[in-house]
Amino acid sequence: MASAMAPCSLLLKPVLEPRSIAAPSCVSRPLFGGNVPSRRISSSLITIIPQATSATAVEDGSYNDTDAIPTPKVIIDQDSDPNATVVEITFGDRLGALIDTMNALKNLGLNVVKANVYLDSSGKHNKFAITKASTGRKVEDPELLEAIRLTIINNLLEYHPESSAQLAMGAAFGITPPEQQVDVDIATHITVSDDGPERSLLYVETADRPGLLVDLVKIITDINIAVESGEFDTEGLLAKAKFHVSYRDKAIIKPLQQVLANSLRYYLRRPTTEEASF
């Protein structure tokens, strides 16, 4: 397998998931921080995914074809480092140095300022601390965060095609779709709880699909709730989000918590709803 870093290219892929809302082309406010009045946003039918061009992106581990395929996990963490976005990738013990994955992230205008690998009982964890090259600060744009997520998943599908059957994205971008389809009505779980006097904690678990992170932020900000920080996890067929949220710099009161939960539940369970009917 080649060890040299190869240049990255841009790959245009349509969002093929039949129940998905394509990632919006713009948002009204940064994902984390600020109170900007929300407004409707248009949709794009194309997802731009930088793809590495050599097999060094995810090196093969020492495993047999008969080994059980582990559950791929991609974590985007905005909480643990005040100065950088932390990304963690796990796929059992099958991942290598992910050199081309880091190279593809640089093609998005990002710098990988720190990288490390550690092992535990769940496998090998590759962690990157990422900042925007233009500002040296963490990523706050939800579209760029979603592009990071899709770039990593796209490289995982490219160099470990066996992961396709374990990922919801395998139905759109992989060679083998998952054998089981997640029922979004059953998979969707939403809770809102107090997290001090100035913010609340929103937890969302639902079926994964392209553009989901952007859609979550849009739904939340459409009812004038600010998303301050959080974590977005892709875990096989599911997506799990933890957001610190507030309303006018205060924790969300119980009636508004119910409005938020109902809004998310409605749109997540009906992802094909036309924008004109909102």
# chains A, B, ... in the order shown; residues from 1 in each chain; ligands from 1
call {"tool": "closest_atom_pairs", "arguments": {"of": "region 73-99 of chain A", "to": "region 214-238 of chain A", "cutoff": "9 Å", "atoms": "only C-alpha atoms", "output": "tab-separated table"}}
result
residue	atom	partner	partner_atom	distance
A:Lys73	CA	A:Glu235	CA	4.6
A:Val74	CA	A:Thr234	CA	5.0
A:Ile75	CA	A:Asp233	CA	4.4
A:Ile76	CA	A:Phe232	CA	5.1
A:Asp77	CA	A:Glu231	CA	4.5
A:Gln78	CA	A:Gly230	CA	5.2
A:Asp79	CA	A:Gly230	CA	5.7
call {"tool": "select_by_dssp", "arguments": {"residues": "region 70-184 of chain A", "states": "strand (DSSP E)", "output": "short mmCIF file (atom, residue, chain, number, x, y, z; two decimals) with N, CA, C and O atoms, in the first residue's frame"}}
result
data_model
loop_
_atom_site.label_atom_id
_atom_site.label_comp_id
_atom_site.auth_asym_id
_atom_site.auth_seq_id
_atom_site.Cartn_x
_atom_site.Cartn_y
_atom_site.Cartn_z
N LYS A 73 -17.71 4.50 14.06
CA LYS A 73 -18.14 5.64 14.85
C LYS A 73 -17.34 6.87 14.45
O LYS A 73 -16.12 6.81 14.34
N VAL A 74 -18.05 7.98 14.27
CA VAL A 74 -17.41 9.27 14.01
C VAL A 74 -18.00 10.27 14.99
O VAL A 74 -19.22 10.48 15.02
N ILE A 75 -17.16 10.88 15.81
CA ILE A 75 -17.59 11.84 16.82
C ILE A 75 -17.06 13.21 16.48
O ILE A 75 -15.85 13.37 16.22
N ILE A 76 -17.93 14.20 16.45
CA ILE A 76 -17.53 15.60 16.28
C ILE A 76 -17.84 16.31 17.60
O ILE A 76 -18.99 16.48 17.97
N ASP A 77 -16.77 16.70 18.29
CA ASP A 77 -16.88 17.19 19.67
C ASP A 77 -16.51 18.66 19.73
O ASP A 77 -15.39 19.05 19.42
N THR A 85 -12.06 22.06 17.16
CA THR A 85 -13.06 21.01 17.00
C THR A 85 -12.35 19.67 17.03
O THR A 85 -11.39 19.45 16.29
N VAL A 86 -12.79 18.78 17.90
CA VAL A 86 -12.15 17.48 18.06
C VAL A 86 -12.97 16.43 17.31
O VAL A 86 -14.18 16.31 17.52
N VAL A 87 -12.31 15.69 16.44
CA VAL A 87 -12.95 14.62 15.67
C VAL A 87 -12.32 13.30 16.08
O VAL A 87 -11.10 13.17 16.16
N GLU A 88 -13.15 12.32 16.36
CA GLU A 88 -12.67 10.99 16.73
C GLU A 88 -13.30 9.94 15.82
O GLU A 88 -14.51 9.97 15.58
N ILE A 89 -12.46 9.03 15.31
CA ILE A 89 -12.91 7.99 14.38
C ILE A 89 -12.53 6.63 14.94
O ILE A 89 -11.37 6.41 15.32
N THR A 90 -13.49 5.72 14.96
CA THR A 90 -13.24 4.37 15.44
C THR A 90 -13.88 3.37 14.48
O THR A 90 -15.02 3.55 14.06
N LEU A 110 -9.10 23.48 6.36
CA LEU A 110 -8.91 23.20 7.78
C LEU A 110 -7.46 22.84 8.06
O LEU A 110 -6.74 22.36 7.18
N ASN A 111 -7.05 23.06 9.29
CA ASN A 111 -5.75 22.61 9.76
C ASN A 111 -5.94 21.54 10.83
O ASN A 111 -6.78 21.70 11.72
N VAL A 112 -5.18 20.46 10.71
CA VAL A 112 -5.16 19.45 11.77
C VAL A 112 -4.00 19.83 12.68
O VAL A 112 -2.84 19.64 12.34
N VAL A 113 -4.32 20.40 13.84
CA VAL A 113 -3.28 20.94 14.72
C VAL A 113 -2.74 19.91 15.70
O VAL A 113 -1.68 20.11 16.29
N LYS A 114 -3.47 18.83 15.87
CA LYS A 114 -3.02 17.78 16.80
C LYS A 114 -3.70 16.49 16.44
O LYS A 114 -4.88 16.47 16.08
N ALA A 115 -2.98 15.39 16.50
CA ALA A 115 -3.55 14.08 16.23
C ALA A 115 -2.93 13.06 17.17
O ALA A 115 -1.74 13.14 17.49
N ASN A 116 -3.75 12.13 17.64
CA ASN A 116 -3.22 11.06 18.47
C ASN A 116 -4.08 9.83 18.32
O ASN A 116 -5.23 9.90 17.85
N VAL A 117 -3.52 8.70 18.72
CA VAL A 117 -4.20 7.41 18.62
C VAL A 117 -4.11 6.72 19.98
O VAL A 117 -3.06 6.75 20.63
N TYR A 118 -5.22 6.14 20.41
CA TYR A 118 -5.15 5.34 21.63
C TYR A 118 -6.02 4.09 21.46
O TYR A 118 -6.93 4.05 20.62
N LEU A 119 -5.71 3.08 22.23
CA LEU A 119 -6.41 1.80 22.16
C LEU A 119 -7.17 1.54 23.44
O LEU A 119 -6.71 1.88 24.54
N ASP A 120 -8.35 0.96 23.31
CA ASP A 120 -9.07 0.43 24.45
C ASP A 120 -9.84 -0.80 24.00
O ASP A 120 -9.62 -1.31 22.90
N GLY A 123 -11.46 -0.74 20.50
CA GLY A 123 -10.66 -0.66 19.30
C GLY A 123 -9.68 0.50 19.32
O GLY A 123 -9.31 1.02 20.38
N LYS A 124 -9.27 0.90 18.13
CA LYS A 124 -8.30 1.97 17.96
C LYS A 124 -9.03 3.28 17.69
O LYS A 124 -9.84 3.38 16.78
N HIS A 125 -8.73 4.30 18.48
CA HIS A 125 -9.38 5.60 18.37
C HIS A 125 -8.41 6.60 17.77
O HIS A 125 -7.34 6.85 18.33
N ASN A 126 -8.77 7.16 16.64
CA ASN A 126 -7.99 8.21 16.00
C ASN A 126 -8.64 9.56 16.29
O ASN A 126 -9.80 9.79 15.92
N LYS A 127 -7.92 10.47 16.95
CA LYS A 127 -8.47 11.76 17.34
C LYS A 127 -7.67 12.89 16.67
O LYS A 127 -6.44 12.87 16.67
N PHE A 128 -8.41 13.84 16.09
CA PHE A 128 -7.81 15.02 15.47
C PHE A 128 -8.37 16.26 16.13
O PHE A 128 -9.57 16.35 16.39
N ALA A 129 -7.53 17.25 16.37
CA ALA A 129 -7.98 18.58 16.75
C ALA A 129 -7.88 19.46 15.51
O ALA A 129 -6.83 19.58 14.90
N ILE A 130 -9.02 20.06 15.11
CA ILE A 130 -9.13 20.75 13.83
C ILE A 130 -9.48 22.21 14.06
O ILE A 130 -10.33 22.54 14.90
N THR A 131 -8.85 23.09 13.28
CA THR A 131 -9.21 24.51 13.27
C THR A 131 -9.38 24.98 11.84
O THR A 131 -8.88 24.35 10.90
N LYS A 132 -10.06 26.10 11.66
CA LYS A 132 -10.16 26.70 10.34
C LYS A 132 -8.83 27.35 10.00
O LYS A 132 -8.26 28.10 10.80
#
call {"tool": "residues_around", "arguments": {"residues": "Lys254 (chain A)", "least_positions_apart": "4", "cutoff": "10 Å", "atoms": "only C-alpha atoms", "output": "PDB file with all heavy atoms, in the first residue's frame"}}
result
ATOM      1  N   VAL A 192     -34.962  16.969  26.744  1.00  0.00           N
ATOM      2  CA  VAL A 192     -34.426  18.288  27.081  1.00  0.00           C
ATOM      3  C   VAL A 192     -34.427  18.391  28.597  1.00  0.00           C
ATOM      4  O   VAL A 192     -35.445  18.130  29.242  1.00  0.00           O
ATOM      5  CB  VAL A 192     -35.268  19.427  26.476  1.00  0.00           C
ATOM      6  CG1 VAL A 192     -34.570  20.769  26.691  1.00  0.00           C
ATOM      7  CG2 VAL A 192     -35.526  19.204  24.984  1.00  0.00           C
ATOM      8  N   SER A 193     -33.282  18.772  29.158  1.00  0.00           N
ATOM      9  CA  SER A 193     -33.169  18.874  30.612  1.00  0.00           C
ATOM     10  C   SER A 193     -32.400  20.132  30.984  1.00  0.00           C
ATOM     11  O   SER A 193     -31.663  20.692  30.169  1.00  0.00           O
ATOM     12  CB  SER A 193     -32.468  17.635  31.181  1.00  0.00           C
ATOM     13  OG  SER A 193     -31.175  17.485  30.623  1.00  0.00           O
ATOM     14  N   ASP A 194     -32.562  20.577  32.220  1.00  0.00           N
ATOM     15  CA  ASP A 194     -31.842  21.756  32.694  1.00  0.00           C
ATOM     16  C   ASP A 194     -30.368  21.431  32.851  1.00  0.00           C
ATOM     17  O   ASP A 194     -29.979  20.335  33.262  1.00  0.00           O
ATOM     18  CB  ASP A 194     -32.410  22.217  34.031  1.00  0.00           C
ATOM     19  CG  ASP A 194     -33.833  22.755  33.914  1.00  0.00           C
ATOM     20  OD1 ASP A 194     -34.184  23.220  32.809  1.00  0.00           O
ATOM     21  OD2 ASP A 194     -34.588  22.691  34.906  1.00  0.00           O
ATOM     22  N   GLN A 258     -40.877  21.660  25.597  1.00  0.00           N
ATOM     23  CA  GLN A 258     -41.838  20.793  24.927  1.00  0.00           C
ATOM     24  C   GLN A 258     -42.016  21.185  23.470  1.00  0.00           C
ATOM     25  O   GLN A 258     -42.129  20.325  22.582  1.00  0.00           O
ATOM     26  CB  GLN A 258     -43.180  20.851  25.654  1.00  0.00           C
ATOM     27  CG  GLN A 258     -44.164  19.776  25.206  1.00  0.00           C
ATOM     28  CD  GLN A 258     -43.658  18.375  25.477  1.00  0.00           C
ATOM     29  OE1 GLN A 258     -43.242  18.061  26.596  1.00  0.00           O
ATOM     30  NE2 GLN A 258     -43.670  17.517  24.460  1.00  0.00           N
ATOM     31  N   VAL A 259     -42.028  22.491  23.205  1.00  0.00           N
ATOM     32  CA  VAL A 259     -42.120  22.970  21.818  1.00  0.00           C
ATOM     33  C   VAL A 259     -40.918  22.488  21.014  1.00  0.00           C
ATOM     34  O   VAL A 259     -41.054  22.010  19.883  1.00  0.00           O
ATOM     35  CB  VAL A 259     -42.221  24.507  21.784  1.00  0.00           C
ATOM     36  CG1 VAL A 259     -42.087  25.019  20.335  1.00  0.00           C
ATOM     37  CG2 VAL A 259     -43.546  24.977  22.375  1.00  0.00           C
ATOM     38  N   LEU A 260     -39.724  22.608  21.603  1.00  0.00           N
ATOM     39  CA  LEU A 260     -38.502  22.167  20.924  1.00  0.00           C
ATOM     40  C   LEU A 260     -38.551  20.670  20.636  1.00  0.00           C
ATOM     41  O   LEU A 260     -38.272  20.233  19.510  1.00  0.00           O
ATOM     42  CB  LEU A 260     -37.291  22.507  21.788  1.00  0.00           C
ATOM     43  CG  LEU A 260     -35.935  21.982  21.313  1.00  0.00           C
ATOM     44  CD1 LEU A 260     -35.596  22.510  19.930  1.00  0.00           C
ATOM     45  CD2 LEU A 260     -34.846  22.345  22.318  1.00  0.00           C
TER      46      LEU A 260
END
call {"tool": "select_by_dssp", "arguments": {"residues": "region 24-263 of chain A", "states": "alpha helix (DSSP H)", "output": "PyMOL selection string"}}
result
chain A and resi 99-106+142-159+170-173+184-187+212-221+254-263
call {"tool": "closest_residue", "arguments": {"among": "A:Leu167, A:Tyr203, A:Ala147, A:Gly174", "to": "Thr188 (chain A)", "atoms": "only C-alpha atoms"}}
result
A:Tyr203
call {"tool": "closest_residue", "arguments": {"among": "A:Ala241, A:Ile190, A:Leu213, A:Ile99", "to": "Leu150 (chain A)", "atoms": "only C-alpha atoms"}}
result
A:Leu213
call {"tool": "atom_distance", "arguments": {"atom1": "CA of Ala133 (chain A)", "atom2": "CA of Ser80 (chain A)"}}
result
19.9 Å
